[in-house]
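Enquirer: Just one file: model36.txt, with compact mmCIF, C-alpha atoms.
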```txt
# COMPACT_ATOMS: atom_id res chain seq x y z
CA MET A 164 145.20 88.29 77.67
CA ASN A 165 142.02 88.11 79.71
CA SER A 166 142.29 89.64 83.19
CA PHE A 167 138.71 88.91 84.36
CA HIS A 168 138.46 86.95 87.60
CA PRO A 169 135.10 86.06 89.14
CA GLY A 170 134.68 87.67 92.56
CA GLU A 171 134.47 84.44 94.50
CA SER A 172 137.75 83.12 93.07
CA SER A 173 139.74 86.30 93.61
CA SER A 174 141.87 86.49 96.73
CA HIS A 175 142.64 90.18 96.17
CA PRO A 176 140.36 93.00 97.34
CA PHE A 177 138.88 95.20 94.64
CA VAL A 178 140.91 98.32 93.93
CA GLU A 179 139.27 101.11 91.95
CA PRO A 180 141.34 101.41 88.76
CA THR A 181 140.31 105.04 88.18
CA PRO A 182 140.24 106.90 91.52
CA LEU A 183 138.81 110.39 91.66
CA PRO A 184 141.28 113.25 91.27
CA ALA A 185 142.57 114.93 94.43
CA SER A 186 140.57 118.05 93.53
CA ILE A 187 137.31 116.20 94.24
CA PRO A 188 136.53 116.23 97.96
CA LYS A 189 136.31 112.79 99.56
CA VAL A 190 133.02 111.67 101.05
CA ASN A 191 131.81 108.41 102.57
CA GLU A 192 128.78 106.71 101.14
CA VAL A 193 125.47 107.21 102.96
CA GLY A 194 125.64 103.62 104.19
CA ALA A 195 121.91 102.93 104.21
CA THR A 196 119.80 100.51 102.22
CA SER A 197 116.63 101.40 100.33
CA ALA A 198 114.16 101.13 103.24
CA PRO A 199 115.95 103.58 105.58
CA LEU A 200 116.54 105.93 102.65
CA LYS A 201 112.87 105.81 101.68
CA SER A 202 111.85 106.39 105.30
CA ALA A 203 114.13 109.44 105.48
CA ALA A 204 113.51 110.69 101.93
CA PHE A 205 111.08 113.54 102.62
CA PHE A 206 113.18 114.73 105.56
CA ILE A 207 116.33 114.61 103.43
CA GLY A 208 114.47 116.67 100.84
CA ALA A 209 113.65 119.34 103.42
CA TYR A 210 116.92 119.25 105.36
CA CYS A 211 119.17 119.21 102.27
CA LYS A 212 117.02 121.42 100.04
CA GLU A 213 119.70 124.02 99.25
CA PHE A 214 122.33 121.39 98.42
CA ASN A 215 119.83 119.45 96.29
CA GLU A 216 118.86 122.59 94.38
CA ASP A 217 122.52 123.50 93.76
CA PHE A 218 123.15 120.00 92.45
CA MET A 219 120.14 120.08 90.12
CA LEU A 220 121.08 123.54 88.80
CA CYS A 221 124.60 122.27 88.16
CA LYS A 222 123.25 119.22 86.29
CA ALA A 223 121.05 121.49 84.16
CA GLU A 224 124.04 123.62 83.23
CA ASN A 225 126.28 120.76 82.04
CA ARG A 226 125.52 117.12 81.24
CA ASP A 227 129.08 115.95 81.96
CA PRO A 228 128.83 113.79 85.13
CA ALA A 229 132.21 115.04 86.39
CA HIS A 230 130.98 118.64 86.28
CA CYS A 231 128.81 118.29 89.41
CA LEU A 232 130.82 115.92 91.60
CA LYS A 233 131.46 118.55 94.26
CA GLU A 234 127.77 119.44 94.49
CA GLY A 235 126.84 115.76 94.58
CA ARG A 236 129.28 115.17 97.42
CA ARG A 237 127.65 118.00 99.38
CA VAL A 238 124.26 116.33 98.95
CA THR A 239 125.72 113.02 100.17
CA ARG A 240 127.32 114.66 103.22
CA CYS A 241 124.05 116.39 104.08
CA ALA A 242 122.03 113.16 103.78
CA THR A 243 124.59 111.31 105.92
CA ASP A 244 124.42 114.07 108.53
CA LEU A 245 120.62 113.90 108.70
CA ILE A 246 120.52 110.10 108.94
CA SER A 247 123.03 110.30 111.81
CA LYS A 248 120.79 112.86 113.55
CA MET A 249 117.74 110.65 112.96
CA ARG A 250 119.55 107.72 114.57
CA GLU A 251 120.68 109.87 117.52
CA ASN A 252 117.28 111.45 118.17
CA CYS A 253 114.57 109.15 116.79
CA LEU A 254 116.21 105.73 116.50
CA GLN A 255 113.25 103.65 117.71
CA GLN A 256 110.72 105.43 115.48
CA PHE A 257 113.08 105.48 112.49
CA GLU A 258 113.80 101.74 112.76
CA ALA A 259 110.12 100.89 113.26
CA HIS A 260 109.19 102.83 110.12
CA TRP A 261 111.91 101.54 107.81
CA ASN A 262 111.45 97.97 109.07
CA CYS A 263 107.76 98.27 108.21
CA LEU A 264 108.68 99.51 104.73
CA GLU A 265 111.14 96.63 104.38
CA VAL A 266 108.53 93.94 105.06
CA ASN A 267 105.80 95.69 103.04
CA ASN A 268 107.61 95.95 99.72
CA GLN A 269 108.50 99.62 100.32
CA ASP A 270 104.79 100.57 100.43
CA TYR A 271 103.97 103.56 102.64
CA ALA A 272 100.25 102.75 103.09
CA PRO A 273 100.58 99.87 105.61
CA CYS A 274 103.22 101.83 107.55
CA ARG A 275 101.26 104.98 108.46
CA LYS A 276 101.25 104.30 112.23
CA PRO A 277 105.06 104.06 112.58
CA GLU A 278 105.35 106.90 110.05
CA ARG A 279 103.24 109.17 112.26
CA ALA A 280 105.44 108.35 115.26
CA LEU A 281 108.56 109.14 113.22
CA ASN A 282 107.06 112.38 111.90
CA LYS A 283 106.17 113.45 115.44
CA CYS A 284 109.66 112.68 116.75
CA MET A 285 111.36 114.43 113.83
CA PHE A 286 109.30 117.56 114.46
CA GLU A 287 109.81 117.53 118.23
CA LYS A 288 113.54 116.74 118.19
CA LEU A 289 114.79 118.25 114.90
CA GLY A 290 112.05 120.70 113.88
CA LEU A 291 111.50 118.91 110.55
CA THR A 292 108.09 118.20 109.05
CA LYS A 293 107.20 115.81 106.28
CA THR A 294 105.84 117.74 103.32
CA ILE A 295 104.81 115.97 100.14
CA PRO A 296 105.51 118.17 97.10
CA GLY A 297 102.48 118.72 94.90
CA THR A 298 99.86 118.25 97.62
CA ALA A 299 96.93 120.49 96.71
CA PRO A 300 96.44 123.52 98.97
CA GLY A 301 93.80 122.84 101.61
CA GLN A 302 93.96 119.06 101.08
CA THR A 303 95.07 116.84 103.96
CA PRO A 304 98.31 115.11 102.96
CA ILE A 305 97.83 111.35 102.62
CA HIS A 306 100.18 110.56 105.51
CA GLU A 307 97.96 112.62 107.85
CA VAL A 308 94.59 111.14 106.80
CA GLU A 309 93.22 109.32 109.87
CA ASN A 310 90.96 106.79 108.08
CA PRO A 311 92.19 106.37 104.51
CA LEU A 312 90.05 104.35 102.14
CA PHE A 313 92.94 101.93 101.60
CA GLY A 314 93.05 101.10 105.32
CA ARG A 315 89.29 100.45 105.50
CA MET A 316 89.46 98.11 102.50
CA GLN A 317 92.14 95.93 104.14
CA LYS A 318 90.15 95.19 107.31
```
Can you turn what I pasted into structure tokens?
Expert:
Amino acid sequence: MNSFHPGESSSHPFVEPTPLPASIPKVNEVGATSAPLKSAAFFIGAYCKEFNEDFMLCKAENRDPAHCLKEGRRVTRCATDLISKMRENCLQQFEAHWNCLEVNNQDYAPCRKPERALNKCMFEKLGLTKTIPGTAPGQTPIHEVENPLFGRMQK
């Protein structure tokens, strides 16, 4: 007997057939699409560094996906907390930046002006700075370059 029903013809809401065990702490999803997540990504990396590192160490110790659910939930809670703080403290700058990313195919280069405003607000209100891992010592990070070659070529 086939129990498949296309979504548009089903009158019943989807119910997860295999819910997580009670031992796994519940957590809501982040609730953001790709553009806001990309806009917040470097700040999430800094703000949630300890949780991210715990999660990655857990994943390195055991390849079973169920092994690190608790650590993964902590990462999700931390990211959700930061995005809430970004909305509370830097809503205008955050929306301007992620909307720019949204209309520019997720490309950072055309969105440097709203990115700078967001970076400034995040530092002033939350004490967080955008740091790009792997930037050579003494080199100006690309998001802080005032006249990048890419920008001059577009004009």
Enquirer: Report the distance between CA of Glu258 in chain A and CA of Leu291 in chain A in Å, rounded to one decimal place.
Expert: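 Calculated distance between CA of Glu258 in chain A and CA of Leu291 in chain A is 17.5 Å.
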Enquirer: Ser247 in chain A: which residues within 12 Å, counting only C-alpha atoms, same-chain residues fewer than 3 positions away excluded, as number ranges by chain?
Expert: A: 193-195, 199, 203, 207, 240-244, 250-254, 257, 289
Enquirer: Counting all atoms listed in the file, what is within 9 Å of range 284-287 of chain A, bar same-chain residues fewer than 2 positions away, as a JSON list (two decimals) with C-alpha atoms, in the coordinates of the input?
Expert:
```json
[["chain", "number", "residue", "atom", "x", "y", "z"],
["A", 206, "PHE", "CA", 113.18, 114.73, 105.56],
["A", 249, "MET", "CA", 117.74, 110.65, 112.96],
["A", 252, "ASN", "CA", 117.28, 111.45, 118.17],
["A", 253, "CYS", "CA", 114.57, 109.15, 116.79],
["A", 256, "GLN", "CA", 110.72, 105.43, 115.48],
["A", 279, "ARG", "CA", 103.24, 109.17, 112.26],
["A", 280, "ALA", "CA", 105.44, 108.35, 115.26],
["A", 281, "LEU", "CA", 108.56, 109.14, 113.22],
["A", 282, "ASN", "CA", 107.06, 112.38, 111.90],
["A", 289, "LEU", "CA", 114.79, 118.25, 114.90],
["A", 290, "GLY", "CA", 112.05, 120.70, 113.88],
["A", 291, "LEU", "CA", 111.50, 118.91, 110.55],
["A", 292, "THR", "CA", 108.09, 118.20, 109.05],
["A", 293, "LYS", "CA", 107.20, 115.81, 106.28]]
```
Enquirer: Can you tell me, as a list in words, what residues are no more than 12 Å from Met219 in chain A when counting all atoms listed in the file, ignoring any on the same chain fewer than 2 positions away?
Expert: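 Skipping anything fewer than 2 positions along the chain leaves Lys212, Glu213, Phe214, Asn215, Glu216, Asp217, Cys221, Lys222, Ala223, Glu224, Asn225, Arg226, Pro228, His230, Cys231, Leu232, Glu234, Gly235 and Val238 of chain A.
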Enquirer: Using all atoms of range 246-263 of chain A listed in the file and a margin of 4 Å per side, can you give the axis-aligned box centre and edge lengths in Å to one decimal, as AutoDock Vina command-line options?
Expert:
```
--center_x 115.4 --center_y 105.4 --center_z 113.0 --size_x 23.3 --size_y 22.9 --size_z 18.4
```
Enquirer: Please, what distance in Å, to one decimal, runs between CA of Val178 in chain A and CA of Phe218 in chain A?
Expert: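 Separation of CA of Val178 in chain A and CA of Phe218 in chain A: 28.1 Å.
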Enquirer: What does the structure give for the distance between CA of Ile246 in chain A and CA of Thr181 in chain A, in Å to one decimal?
Expert: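 It comes out at 29.1 Å.
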Enquirer: Could you list, as a ChimeraX atom specification, every residue within 9 Å of Val190 in chain A, counting all atoms listed in the file and ignoring same-chain residues fewer than 4 positions away?
Expert: /A:236-237,239-240
